[in-house]
>>> print(open('start_7.txt').read())   # compact mmCIF, C-alpha atoms
# COMPACT_ATOMS: atom_id res chain seq x y z
CA MET A 1 10.17 14.90 -17.87
CA GLU A 2 9.86 14.45 -14.10
CA PRO A 3 6.65 16.35 -13.20
CA LEU A 4 7.72 16.97 -9.58
CA LYS A 5 11.21 18.25 -10.35
CA GLY A 6 11.84 21.26 -8.10
CA ILE A 7 9.28 20.18 -5.46
CA HIS A 8 10.77 19.90 -1.96
CA VAL A 9 9.30 17.44 0.54
CA VAL A 10 10.06 17.26 4.26
CA ASP A 11 9.04 13.85 5.57
CA PHE A 12 8.66 13.33 9.34
CA SER A 13 7.02 9.90 8.91
CA THR A 14 8.41 6.45 9.65
CA LEU A 15 7.67 2.82 8.81
CA LEU A 16 5.29 2.38 5.84
CA PRO A 17 2.42 4.75 4.92
CA GLY A 18 4.28 8.07 4.86
CA PRO A 19 7.60 6.76 3.52
CA LEU A 20 5.86 4.93 0.68
CA ALA A 21 3.91 8.09 -0.17
CA SER A 22 7.09 10.17 -0.25
CA LEU A 23 8.78 7.46 -2.35
CA PHE A 24 6.17 8.06 -5.06
CA LEU A 25 6.98 11.77 -4.97
CA ALA A 26 10.72 11.13 -5.07
CA GLU A 27 10.38 8.79 -8.04
CA ALA A 28 8.54 11.56 -9.90
CA GLY A 29 11.41 13.97 -9.33
CA ALA A 30 10.75 15.58 -5.95
CA GLU A 31 13.55 16.12 -3.44
CA VAL A 32 12.54 14.26 -0.28
CA ILE A 33 14.35 14.84 3.02
CA LYS A 34 13.57 12.46 5.88
CA ILE A 35 13.60 13.97 9.37
CA GLU A 36 14.96 11.25 11.65
CA ARG A 37 15.63 10.95 15.35
CA PRO A 38 19.19 10.68 16.66
CA ASP A 39 20.96 7.32 16.84
CA ILE A 40 18.18 5.05 15.54
CA GLY A 41 16.51 7.15 12.83
CA ASP A 42 13.39 5.69 11.21
CA GLU A 43 12.72 2.48 13.15
CA MET A 44 12.29 0.69 9.82
CA ARG A 45 16.10 0.84 9.61
CA THR A 46 16.24 -1.78 12.39
CA TYR A 47 13.99 -4.40 10.78
CA GLU A 48 15.06 -7.74 9.34
CA PRO A 49 16.39 -8.85 6.95
CA ARG A 50 19.44 -6.60 6.85
CA LEU A 51 21.01 -5.08 3.78
CA GLY A 52 24.24 -3.65 5.07
CA VAL A 53 23.71 -1.30 8.01
CA ASP A 54 19.97 -0.89 7.41
CA SER A 55 17.05 -3.20 6.76
CA ALA A 56 16.06 -4.21 3.24
CA ASN A 57 12.58 -2.81 3.97
CA PHE A 58 14.03 0.62 4.71
CA VAL A 59 16.18 0.52 1.58
CA LEU A 60 13.17 -0.28 -0.62
CA LEU A 61 10.95 2.45 0.84
CA ASN A 62 13.54 5.23 0.94
CA ARG A 63 15.27 5.02 -2.42
CA GLY A 64 16.78 8.33 -3.47
CA LYS A 65 15.81 10.33 -0.37
CA GLY A 66 17.96 12.44 1.94
CA SER A 67 18.24 12.28 5.72
CA VAL A 68 18.47 14.92 8.45
CA VAL A 69 18.92 13.88 12.07
CA ILE A 70 17.46 16.15 14.74
CA ASP A 71 15.94 15.74 18.19
CA LEU A 72 12.47 17.20 17.72
CA LYS A 73 12.11 17.66 21.48
CA ALA A 74 15.17 19.90 21.69
CA PRO A 75 14.36 23.56 22.49
CA ASP A 76 15.98 24.78 19.27
CA ALA A 77 14.56 22.10 16.96
CA VAL A 78 12.01 24.36 15.24
CA VAL A 79 14.57 27.15 14.76
CA ARG A 80 17.03 24.70 13.21
CA LEU A 81 14.37 23.26 10.91
CA THR A 82 13.08 26.66 9.80
CA PRO A 83 15.34 26.97 6.71
CA LEU A 84 14.12 23.58 5.53
CA LEU A 85 10.48 24.42 6.23
CA LYS A 86 10.71 27.76 4.42
CA ARG A 87 11.66 26.13 1.14
CA ALA A 88 9.42 23.08 1.51
CA ASP A 89 6.41 22.54 -0.72
CA VAL A 90 5.12 19.47 1.11
CA LEU A 91 5.36 18.21 4.70
CA ILE A 92 4.34 14.64 5.56
CA GLU A 93 3.80 13.43 9.13
CA GLN A 94 2.06 10.44 10.69
CA PHE A 95 2.26 11.05 14.41
CA ARG A 96 -0.89 10.74 16.49
CA PRO A 97 -2.99 13.93 16.44
CA GLY A 98 -1.53 16.59 18.71
CA VAL A 99 2.07 15.38 18.70
CA MET A 100 3.32 17.81 16.05
CA GLU A 101 1.53 20.66 17.87
CA ARG A 102 3.33 19.79 21.10
CA LEU A 103 6.62 19.84 19.21
CA GLY A 104 5.85 23.31 17.86
CA LEU A 105 5.44 21.89 14.36
CA GLY A 106 1.66 21.76 13.98
CA TYR A 107 0.00 23.04 10.82
CA ASP A 108 -0.65 26.55 12.14
CA ALA A 109 2.94 26.92 13.35
CA VAL A 110 4.41 25.70 10.07
CA ARG A 111 1.99 27.79 8.03
CA ALA A 112 3.27 30.86 9.89
CA ILE A 113 6.71 30.00 8.53
CA ASN A 114 5.51 29.05 5.04
CA ASP A 115 1.90 29.77 4.06
CA GLN A 116 2.27 27.76 0.85
CA ILE A 117 3.08 24.51 2.64
CA ILE A 118 0.98 21.45 1.82
CA TYR A 119 0.85 19.70 5.17
CA CYS A 120 -0.19 16.04 4.95
CA SER A 121 -1.12 14.20 8.15
CA ILE A 122 -1.56 10.42 7.89
CA THR A 123 -3.23 8.73 10.86
CA GLY A 124 -5.33 5.70 11.63
CA PHE A 125 -8.49 7.61 12.56
CA GLY A 126 -8.04 11.19 11.38
CA GLN A 127 -7.50 14.40 13.31
CA ARG A 128 -10.84 14.34 15.14
CA GLY A 129 -13.51 11.93 16.34
CA PRO A 130 -13.83 9.56 19.32
CA ARG A 131 -10.91 7.36 18.22
CA HIS A 132 -8.57 10.05 16.90
CA GLY A 133 -5.91 9.40 19.57
CA VAL A 134 -6.17 5.61 19.65
CA ALA A 135 -3.20 3.46 18.61
CA GLY A 136 -3.72 0.87 15.92
CA HIS A 137 -2.19 -1.19 13.16
CA ASP A 138 -3.36 -2.36 9.76
CA LEU A 139 -5.23 -5.40 11.09
CA ASN A 140 -7.15 -3.25 13.60
CA TYR A 141 -8.22 -0.76 10.92
CA LEU A 142 -9.51 -3.59 8.71
CA ALA A 143 -11.38 -5.05 11.69
CA LEU A 144 -13.08 -1.79 12.67
CA THR A 145 -14.22 -0.94 9.13
CA GLY A 146 -15.85 -4.33 8.53
CA LEU A 147 -13.48 -5.45 5.78
CA LEU A 148 -11.88 -8.16 7.87
CA SER A 149 -15.28 -9.83 8.34
CA PHE A 150 -15.79 -10.51 4.63
CA VAL A 151 -13.83 -13.78 4.39
CA ALA A 152 -13.67 -16.35 7.19
CA ASP A 153 -12.50 -19.94 7.62
CA ARG A 154 -14.74 -22.89 8.46
CA ASP A 155 -15.07 -21.95 12.13
CA GLY A 156 -15.92 -18.36 11.31
CA THR A 157 -12.52 -16.81 12.07
CA PRO A 158 -11.62 -14.01 9.63
CA SER A 159 -8.62 -14.69 7.42
CA LEU A 160 -5.43 -12.67 7.78
CA PRO A 161 -5.11 -10.32 4.79
CA PRO A 162 -2.23 -10.97 2.37
CA ALA A 163 -0.95 -7.38 2.44
CA LEU A 164 -0.91 -4.24 4.59
CA ILE A 165 -4.06 -2.96 2.92
CA ALA A 166 -4.85 -0.02 5.18
CA ASP A 167 -1.30 1.32 5.23
CA ILE A 168 -0.91 1.25 1.46
CA ALA A 169 -4.35 1.41 -0.17
CA ALA A 170 -5.90 3.72 2.45
CA GLY A 171 -2.79 5.57 3.61
CA SER A 172 -0.01 5.95 1.06
CA TYR A 173 -2.14 6.10 -2.09
CA PRO A 174 -4.69 8.67 -0.82
CA ALA A 175 -1.83 10.76 0.56
CA VAL A 176 -0.15 10.90 -2.86
CA ILE A 177 -3.43 11.66 -4.66
CA ASN A 178 -4.31 14.50 -2.29
CA ILE A 179 -0.81 15.97 -2.29
CA LEU A 180 -0.86 16.13 -6.09
CA LEU A 181 -4.32 17.72 -6.07
CA ALA A 182 -3.17 20.25 -3.46
CA LEU A 183 -0.15 21.15 -5.59
CA ILE A 184 -2.45 21.80 -8.55
CA GLN A 185 -4.83 23.87 -6.41
CA ARG A 186 -1.92 25.93 -5.06
CA ARG A 187 -1.11 27.08 -8.57
CA SER A 188 -4.42 28.96 -8.60
CA THR A 189 -4.69 30.09 -5.00
CA GLY A 190 -1.07 30.52 -3.96
CA GLN A 191 -2.05 28.94 -0.64
CA GLY A 192 -1.15 25.66 0.98
CA SER A 193 -3.52 23.33 2.83
CA HIS A 194 -3.76 20.75 5.59
CA LEU A 195 -4.60 17.25 4.32
CA ASP A 196 -6.18 14.92 6.88
CA ILE A 197 -5.59 11.35 5.64
CA SER A 198 -7.54 8.87 7.77
CA MET A 199 -6.74 5.27 6.90
CA THR A 200 -9.93 3.92 8.43
CA ASN A 201 -12.09 6.44 6.58
CA ASN A 202 -10.40 5.59 3.30
CA LEU A 203 -10.87 1.85 3.70
CA PHE A 204 -14.61 2.12 3.10
CA VAL A 205 -13.95 2.77 -0.59
CA LEU A 206 -12.68 -0.82 -0.83
CA ALA A 207 -16.03 -2.06 0.46
CA TYR A 208 -17.99 -0.36 -2.34
CA TRP A 209 -19.99 -3.46 -3.34
CA GLY A 210 -20.84 -4.27 0.27
CA LEU A 211 -22.01 -0.70 0.84
CA ALA A 212 -24.12 -0.83 -2.32
CA ASN A 213 -25.84 -4.01 -1.18
CA GLY A 214 -26.27 -2.77 2.38
CA PHE A 215 -27.50 0.75 1.67
CA ALA A 216 -29.73 -0.10 -1.30
CA ALA A 217 -31.08 -3.51 -0.40
CA GLY A 218 -30.34 -4.03 3.29
CA ARG A 219 -28.18 -7.06 2.45
CA TRP A 220 -24.92 -6.57 4.29
CA PRO A 221 -21.99 -8.87 3.42
CA ARG A 222 -21.84 -12.23 5.16
CA PRO A 223 -18.54 -14.09 5.40
CA GLY A 224 -18.40 -17.01 2.98
CA ALA A 225 -21.82 -16.24 1.54
CA GLU A 226 -21.39 -13.63 -1.19
CA LEU A 227 -20.06 -13.84 -4.73
CA VAL A 228 -16.56 -12.65 -3.84
CA THR A 229 -16.38 -13.93 -0.24
CA GLY A 230 -16.68 -17.65 -0.90
CA GLY A 231 -20.40 -18.18 -1.44
CA SER A 232 -20.13 -18.94 -5.14
CA PRO A 233 -18.28 -21.73 -6.95
CA ARG A 234 -17.37 -19.08 -9.53
CA TYR A 235 -15.02 -17.18 -7.20
CA ARG A 236 -12.98 -19.50 -5.02
CA VAL A 237 -9.58 -21.00 -4.40
CA TYR A 238 -9.52 -24.78 -4.85
CA ARG A 239 -6.90 -27.23 -3.58
CA THR A 240 -5.08 -29.47 -6.06
CA ALA A 241 -3.94 -33.07 -5.62
CA ASP A 242 -0.37 -32.18 -4.62
CA GLY A 243 -1.24 -29.41 -2.17
CA GLY A 244 -1.21 -26.51 -4.62
CA HIS A 245 -4.12 -24.22 -5.32
CA LEU A 246 -6.11 -22.95 -8.27
CA SER A 247 -7.71 -19.52 -8.18
CA ALA A 248 -10.94 -19.78 -10.14
CA ALA A 249 -12.93 -16.65 -11.06
CA PRO A 250 -15.10 -17.65 -14.04
CA ILE A 251 -17.89 -15.28 -12.98
CA GLU A 252 -19.45 -14.53 -16.37
CA GLN A 253 -21.41 -17.34 -17.95
CA ARG A 254 -19.12 -17.64 -20.99
CA PHE A 255 -16.15 -18.23 -18.69
CA TRP A 256 -18.12 -20.57 -16.45
CA ASP A 257 -19.09 -22.73 -19.45
CA VAL A 258 -15.44 -23.08 -20.47
CA PHE A 259 -14.40 -23.79 -16.88
CA CYS A 260 -17.00 -26.54 -16.42
CA ARG A 261 -15.91 -28.21 -19.66
CA LEU A 262 -12.19 -28.08 -18.88
CA ILE A 263 -12.47 -29.53 -15.37
CA GLY A 264 -14.93 -32.22 -16.50
CA LEU A 265 -17.73 -31.10 -14.20
CA ASP A 266 -20.84 -33.28 -14.35
CA GLU A 267 -23.62 -31.45 -16.24
CA ARG A 268 -25.88 -31.77 -13.20
CA PHE A 269 -23.77 -29.09 -11.53
CA HIS A 270 -23.44 -26.63 -14.41
CA ASP A 271 -26.41 -24.65 -13.08
CA ASP A 272 -24.99 -23.27 -9.84
CA SER A 273 -27.95 -21.04 -8.99
CA ARG A 274 -30.03 -23.64 -7.16
CA ASP A 275 -27.49 -25.09 -4.71
CA PRO A 276 -24.14 -23.28 -4.81
CA ALA A 277 -22.77 -25.29 -1.89
CA LYS A 278 -23.20 -28.60 -3.70
CA VAL A 279 -21.63 -27.17 -6.85
CA ILE A 280 -18.66 -25.98 -4.79
CA GLU A 281 -18.20 -29.51 -3.48
CA ALA A 282 -18.41 -30.97 -7.00
CA VAL A 283 -15.92 -28.48 -8.42
CA ALA A 284 -13.55 -29.06 -5.49
CA ALA A 285 -13.67 -32.82 -6.16
CA CYS A 286 -12.70 -32.24 -9.79
CA ILE A 287 -9.80 -29.91 -8.98
CA ILE A 288 -8.31 -32.02 -6.19
CA ALA A 289 -8.22 -35.05 -8.49
CA GLN A 290 -5.27 -33.61 -10.46
CA PRO A 291 -1.90 -32.04 -9.51
CA THR A 292 -1.07 -28.37 -9.84
CA ASP A 293 0.94 -28.71 -13.07
CA HIS A 294 -2.01 -30.39 -14.74
CA TRP A 295 -4.22 -27.40 -14.06
CA ARG A 296 -1.45 -25.00 -15.03
CA ARG A 297 -1.34 -26.65 -18.47
CA VAL A 298 -5.12 -26.88 -18.80
CA PHE A 299 -5.67 -23.18 -18.13
CA ALA A 300 -2.49 -21.84 -19.76
CA GLU A 301 -4.26 -20.93 -23.00
CA ALA A 302 -7.88 -21.14 -21.89
CA ASP A 303 -10.06 -18.04 -21.64
CA ALA A 304 -11.58 -18.99 -18.30
CA CYS A 305 -10.23 -16.52 -15.68
CA CYS A 306 -8.29 -19.17 -13.79
CA ALA A 307 -4.70 -19.21 -12.55
CA VAL A 308 -2.54 -21.40 -10.36
CA VAL A 309 -1.56 -19.65 -7.11
CA ALA A 310 2.12 -18.70 -7.39
CA SER A 311 4.55 -18.03 -4.60
CA LEU A 312 6.15 -14.58 -4.55
CA ALA A 313 9.46 -16.16 -5.57
CA GLU A 314 7.75 -17.72 -8.61
CA ALA A 315 5.90 -14.52 -9.45
CA VAL A 316 9.01 -12.34 -9.76
CA GLU A 317 10.40 -14.85 -12.29
CA ASP A 318 7.18 -15.01 -14.32
CA PRO A 319 7.99 -14.33 -18.01
CA HIS A 320 5.14 -11.81 -18.26
CA PHE A 321 6.44 -9.63 -15.43
CA ARG A 322 10.01 -10.02 -16.62
CA ALA A 323 8.93 -8.82 -20.06
CA HIS A 324 7.72 -5.60 -18.41
CA ASN A 325 11.10 -5.20 -16.66
CA LEU A 326 9.32 -4.48 -13.38
CA PHE A 327 12.46 -5.00 -11.35
CA GLY A 328 14.90 -3.27 -13.68
CA ARG A 329 15.60 -0.37 -11.32
CA GLN A 330 17.83 -0.84 -8.31
CA THR A 331 18.34 0.53 -4.86
CA GLY A 332 20.73 -0.31 -2.09
CA THR A 333 23.12 0.93 0.53
CA GLY A 334 26.88 1.09 0.31
CA SER A 335 27.96 -1.49 -2.27
CA MET A 336 24.90 -3.70 -1.84
CA ARG A 337 22.07 -3.64 -4.40
CA ILE A 338 18.58 -5.10 -4.70
CA PRO A 339 15.76 -4.45 -7.21
CA ALA A 340 13.72 -1.34 -6.39
CA LEU A 341 9.99 -1.38 -5.74
CA PRO A 342 8.07 -1.48 -9.04
CA LEU A 343 5.94 1.59 -8.32
CA PRO A 344 2.84 2.06 -10.49
CA LEU A 345 4.12 5.22 -12.15
CA ALA A 346 4.29 5.70 -15.90
CA GLU A 347 7.89 5.44 -17.02
CA THR A 348 7.73 8.88 -18.60
CA PHE A 349 7.15 10.47 -15.17
CA ARG A 350 9.95 8.69 -13.30
CA ASP A 351 13.41 9.83 -12.35
CA PRO A 352 15.62 8.41 -15.13
CA ALA A 353 18.30 7.21 -12.68
CA LEU A 354 18.05 3.41 -12.68
CA THR A 355 20.07 3.05 -9.48
CA LYS A 356 19.48 5.28 -6.45
CA LEU A 357 20.53 4.48 -2.90
CA SER A 358 18.72 4.90 0.39
CA PRO A 359 20.09 7.65 2.66
CA VAL A 360 22.80 7.28 5.24
CA LEU A 361 21.43 8.46 8.59
CA GLY A 362 22.06 12.19 8.91
CA ALA A 363 23.76 12.52 5.54
CA ASP A 364 22.02 15.85 4.82
CA ASN A 365 22.34 17.61 8.18
CA ARG A 366 23.92 20.55 6.34
CA LEU A 367 20.40 21.51 5.25
CA VAL A 368 19.38 22.57 8.76
CA ALA A 369 20.77 25.39 10.85
CA THR A 370 23.80 24.67 13.02
CA GLN A 371 22.89 23.50 16.51
CA ALA A 372 22.83 26.40 18.99
>>> encode(input="start_7.txt", output="structure tokens")
Amino acid sequence: MEPLKGIHVVDFSTLLPGPLASLFLAEAGAEVIKIERPDIGDEMRTYEPRLGVDSANFVLLNRGKGSVVIDLKAPDAVVRLTPLLKRADVLIEQFRPGVMERLGLGYDAVRAINDQIIYCSITGFGQRGPRHGVAGHDLNYLALTGLLSFVADRDGTPSLPPALIADIAAGSYPAVINILLALIQRRSTGQGSHLDISMTNNLFVLAYWGLANGFAAGRWPRPGAELVTGGSPRYRVYRTADGGHLSAAPIEQRFWDVFCRLIGLDERFHDDSRDPAKVIEAVAACIIAQPTDHWRRVFAEADACCAVVASLAEAVEDPHFRAHNLFGRQTGTGSMRIPALPLPLAETFRDPALTKLSPVLGADNRLVATQA
């Protein structure tokens, strides 16, 4: 059973955080209608690579949604949207603070139309505070919250993160969690709420171990010096002889003992507590002496918390992930199809339709009042 069947979502957001959040809701049965600007729509439609008329990124993030095109600056925009707002359970927006108010669509204005609305605002810095109106992107949010400083290269430059961490882990996921909690709360109170999702605020959860060390012991994380930032031989990425890499995380002693034996590490370096830097050098010398496939075979059956670094193309063909049928669902546009995003939702909660398309721009304009 789809737990959100019958829930109506009006999504004013574009690009990644809001659309991914509303995708979760759509996959659990909610009807999601995107509100898009004339001509271009969500700017994610214009990205590369293309999949028909839209970008593949847009197709992945907007599977199974509807689309209404309207100029939000038009004098009659709010009147035309009123029928949609009256039946909506959830509204998602990610404009800078104050924009929706200037459009006549702020929380108070929408609540006057529908006092049960759950109004979710996703921003970089929240609705208030010294930076609330400042523009930013994922990399900036990671920089300002200290997370980007955790891992640096040899000259001290922080490494680029491998994913859009703030957008997804601190934007989309908290938005979904809070929307679901607000829906549960509404059952008791009959009232909606305004959810203020600040991506920078939410990033601090990901720094839990650094906060624990800093607040309790005054030891704030140093790049390349802590257990999980490169200071230990037990949590590092090592280069192999043919240019590949081995991710090694044998943190616990029982895993470390197996690791040392399998790589042939000299016993002098088994105790890594006295001089971790020298042990790192010794381990690196062992790993770089053999090609990637050698280490893949060595650790294939070993209980040592080690794995060869795969490319994304290799990962999607991995027998383990294929056994879970992660990419069994499809999305697309027109006659073109690609695998859908493997959202972390239990199968029992998901819309049973295996193939659902992304919306044609303006395909659901019938849902708003006729233009005056």
>>> residues_around(input="start_7.txt", residues="A:Asn178", least_positions_apart="3", cutoff="10 Å", atoms="all atoms listed in the file", output="NGL selection string")
:A and (118 or 120 or 173-175 or 181-184 or 195-197)
>>> atom_distance(input="start_7.txt", atom1="atom CA of A:Ile113", atom2="atom CA of A:Lys86")
6.2 Å
>>> closest_residue(input="start_7.txt", among="A:Arg261, A:Thr200, A:Arg63, A:Arg337", to="A:Arg50", atoms="only C-alpha atoms")
A:Arg337
>>> atom_distance(input="start_7.txt", atom1="atom CA of A:Thr292", atom2="atom CA of A:Ile263")
12.7 Å
>>> closest_residue(input="start_7.txt", among="A:Ala109, A:Leu60, A:Leu160, A:Leu227", to="A:Pro339", atoms="all atoms listed in the file")
A:Leu60
>>> closest_residue(input="start_7.txt", among="A:Gln253, A:Gln116, A:Asn213, A:Thr333", to="A:Asn62", atoms="only C-alpha atoms")
A:Thr333
>>> residues_around(input="start_7.txt", residues="A:Ala28", least_positions_apart="2", cutoff="8 Å", atoms="all atoms listed in the file", output="PDB file with C-alpha atoms, in the frame of the given file")
ATOM      1  CA  GLU A   2       9.860  14.450 -14.100  1.00  0.00           C
ATOM      2  CA  PRO A   3       6.650  16.350 -13.200  1.00  0.00           C
ATOM      3  CA  LEU A   4       7.720  16.970  -9.580  1.00  0.00           C
ATOM      4  CA  LYS A   5      11.210  18.250 -10.350  1.00  0.00           C
ATOM      5  CA  PHE A  24       6.170   8.060  -5.060  1.00  0.00           C
ATOM      6  CA  LEU A  25       6.980  11.770  -4.970  1.00  0.00           C
ATOM      7  CA  ALA A  26      10.720  11.130  -5.070  1.00  0.00           C
ATOM      8  CA  ALA A  30      10.750  15.580  -5.950  1.00  0.00           C
ATOM      9  CA  PHE A 349       7.150  10.470 -15.170  1.00  0.00           C
ATOM     10  CA  ARG A 350       9.950   8.690 -13.300  1.00  0.00           C
ATOM     11  CA  ASP A 351      13.410   9.830 -12.350  1.00  0.00           C
TER      12      ASP A 351
END
>>> residues_around(input="start_7.txt", residues="A:Asp89", least_positions_apart="4", cutoff="9 Å", atoms="only C-alpha atoms", output="number ranges by chain")
A: 7-10, 85, 114, 116-119, 183, 192
>>> atom_distance(input="start_7.txt", atom1="atom CA of A:Arg80", atom2="atom CA of A:Leu15")
24.2 Å
>>> residues_around(input="start_7.txt", residues="A:Val59", least_positions_apart="3", cutoff="9 Å", atoms="all atoms listed in the file", output="JSON, numbers by chain")
{"A": [45, 51, 54, 55, 56, 62, 63, 331, 332, 333, 338, 340, 357, 358, 359]}
>>> decode(input="start_7.txt", residues="stretch 288-309 of chain A", atoms="N, CA and C atoms", output="mmCIF file, in the first residue's frame")
data_model
loop_
_atom_site.group_PDB
_atom_site.id
_atom_site.type_symbol
_atom_site.label_atom_id
_atom_site.label_comp_id
_atom_site.auth_asym_id
_atom_site.auth_seq_id
_atom_site.Cartn_x
_atom_site.Cartn_y
_atom_site.Cartn_z
ATOM 1 N N ILE A 288 51.153 -0.640 -3.283
ATOM 2 C CA ILE A 288 51.560 -0.197 -4.617
ATOM 3 C C ILE A 288 52.436 -1.226 -5.323
ATOM 4 N N ALA A 289 52.845 -2.252 -4.621
ATOM 5 C CA ALA A 289 53.686 -3.294 -5.219
ATOM 6 C C ALA A 289 52.892 -4.267 -6.090
ATOM 7 N N GLN A 290 51.564 -4.246 -5.993
ATOM 8 C CA GLN A 290 50.733 -5.184 -6.745
ATOM 9 C C GLN A 290 49.630 -4.441 -7.498
ATOM 10 N N PRO A 291 49.151 -4.998 -8.625
ATOM 11 C CA PRO A 291 48.085 -4.354 -9.389
ATOM 12 C C PRO A 291 46.720 -4.489 -8.723
ATOM 13 N N THR A 292 45.782 -3.738 -9.240
ATOM 14 C CA THR A 292 44.439 -3.691 -8.650
ATOM 15 C C THR A 292 43.779 -5.061 -8.580
ATOM 16 N N ASP A 293 43.847 -5.844 -9.653
ATOM 17 C CA ASP A 293 43.189 -7.148 -9.667
ATOM 18 C C ASP A 293 43.753 -8.083 -8.608
ATOM 19 N N HIS A 294 45.024 -7.953 -8.307
ATOM 20 C CA HIS A 294 45.610 -8.759 -7.239
ATOM 21 C C HIS A 294 44.912 -8.484 -5.925
ATOM 22 N N TRP A 295 44.736 -7.206 -5.613
ATOM 23 C CA TRP A 295 44.100 -6.856 -4.336
ATOM 24 C C TRP A 295 42.609 -7.174 -4.346
ATOM 25 N N ARG A 296 41.998 -7.108 -5.524
ATOM 26 C CA ARG A 296 40.586 -7.494 -5.619
ATOM 27 C C ARG A 296 40.425 -8.969 -5.239
ATOM 28 N N ARG A 297 41.342 -9.806 -5.734
ATOM 29 C CA ARG A 297 41.274 -11.239 -5.406
ATOM 30 C C ARG A 297 41.609 -11.482 -3.945
ATOM 31 N N VAL A 298 42.616 -10.803 -3.442
ATOM 32 C CA VAL A 298 43.061 -11.011 -2.061
ATOM 33 C C VAL A 298 41.944 -10.711 -1.072
ATOM 34 N N PHE A 299 41.218 -9.613 -1.315
ATOM 35 C CA PHE A 299 40.203 -9.182 -0.345
ATOM 36 C C PHE A 299 38.781 -9.630 -0.708
ATOM 37 N N ALA A 300 38.638 -10.408 -1.776
ATOM 38 C CA ALA A 300 37.306 -10.821 -2.211
ATOM 39 C C ALA A 300 36.565 -11.601 -1.135
ATOM 40 N N GLU A 301 37.254 -12.475 -0.442
ATOM 41 C CA GLU A 301 36.615 -13.306 0.580
ATOM 42 C C GLU A 301 37.107 -12.991 1.984
ATOM 43 N N ALA A 302 38.011 -12.040 2.095
ATOM 44 C CA ALA A 302 38.618 -11.745 3.397
ATOM 45 C C ALA A 302 37.727 -10.831 4.222
ATOM 46 N N ASP A 303 37.678 -11.070 5.518
ATOM 47 C CA ASP A 303 36.912 -10.228 6.434
ATOM 48 C C ASP A 303 37.842 -9.152 6.975
ATOM 49 N N ALA A 304 38.092 -8.127 6.141
ATOM 50 C CA ALA A 304 39.091 -7.128 6.512
ATOM 51 C C ALA A 304 38.641 -5.697 6.240
ATOM 52 N N CYS A 305 37.399 -5.486 5.822
ATOM 53 C CA CYS A 305 36.876 -4.142 5.543
ATOM 54 C C CYS A 305 37.716 -3.406 4.502
ATOM 55 N N CYS A 306 37.972 -4.075 3.392
ATOM 56 C CA CYS A 306 38.737 -3.477 2.302
ATOM 57 C C CYS A 306 38.002 -3.720 0.987
ATOM 58 N N ALA A 307 38.101 -2.758 0.077
ATOM 59 C CA ALA A 307 37.455 -2.895 -1.226
ATOM 60 C C ALA A 307 38.185 -2.055 -2.253
ATOM 61 N N VAL A 308 38.305 -2.596 -3.443
ATOM 62 C CA VAL A 308 38.873 -1.842 -4.558
ATOM 63 C C VAL A 308 37.897 -0.725 -4.939
ATOM 64 N N VAL A 309 38.420 0.454 -5.254
ATOM 65 C CA VAL A 309 37.588 1.583 -5.653
ATOM 66 C C VAL A 309 37.049 1.335 -7.057
#
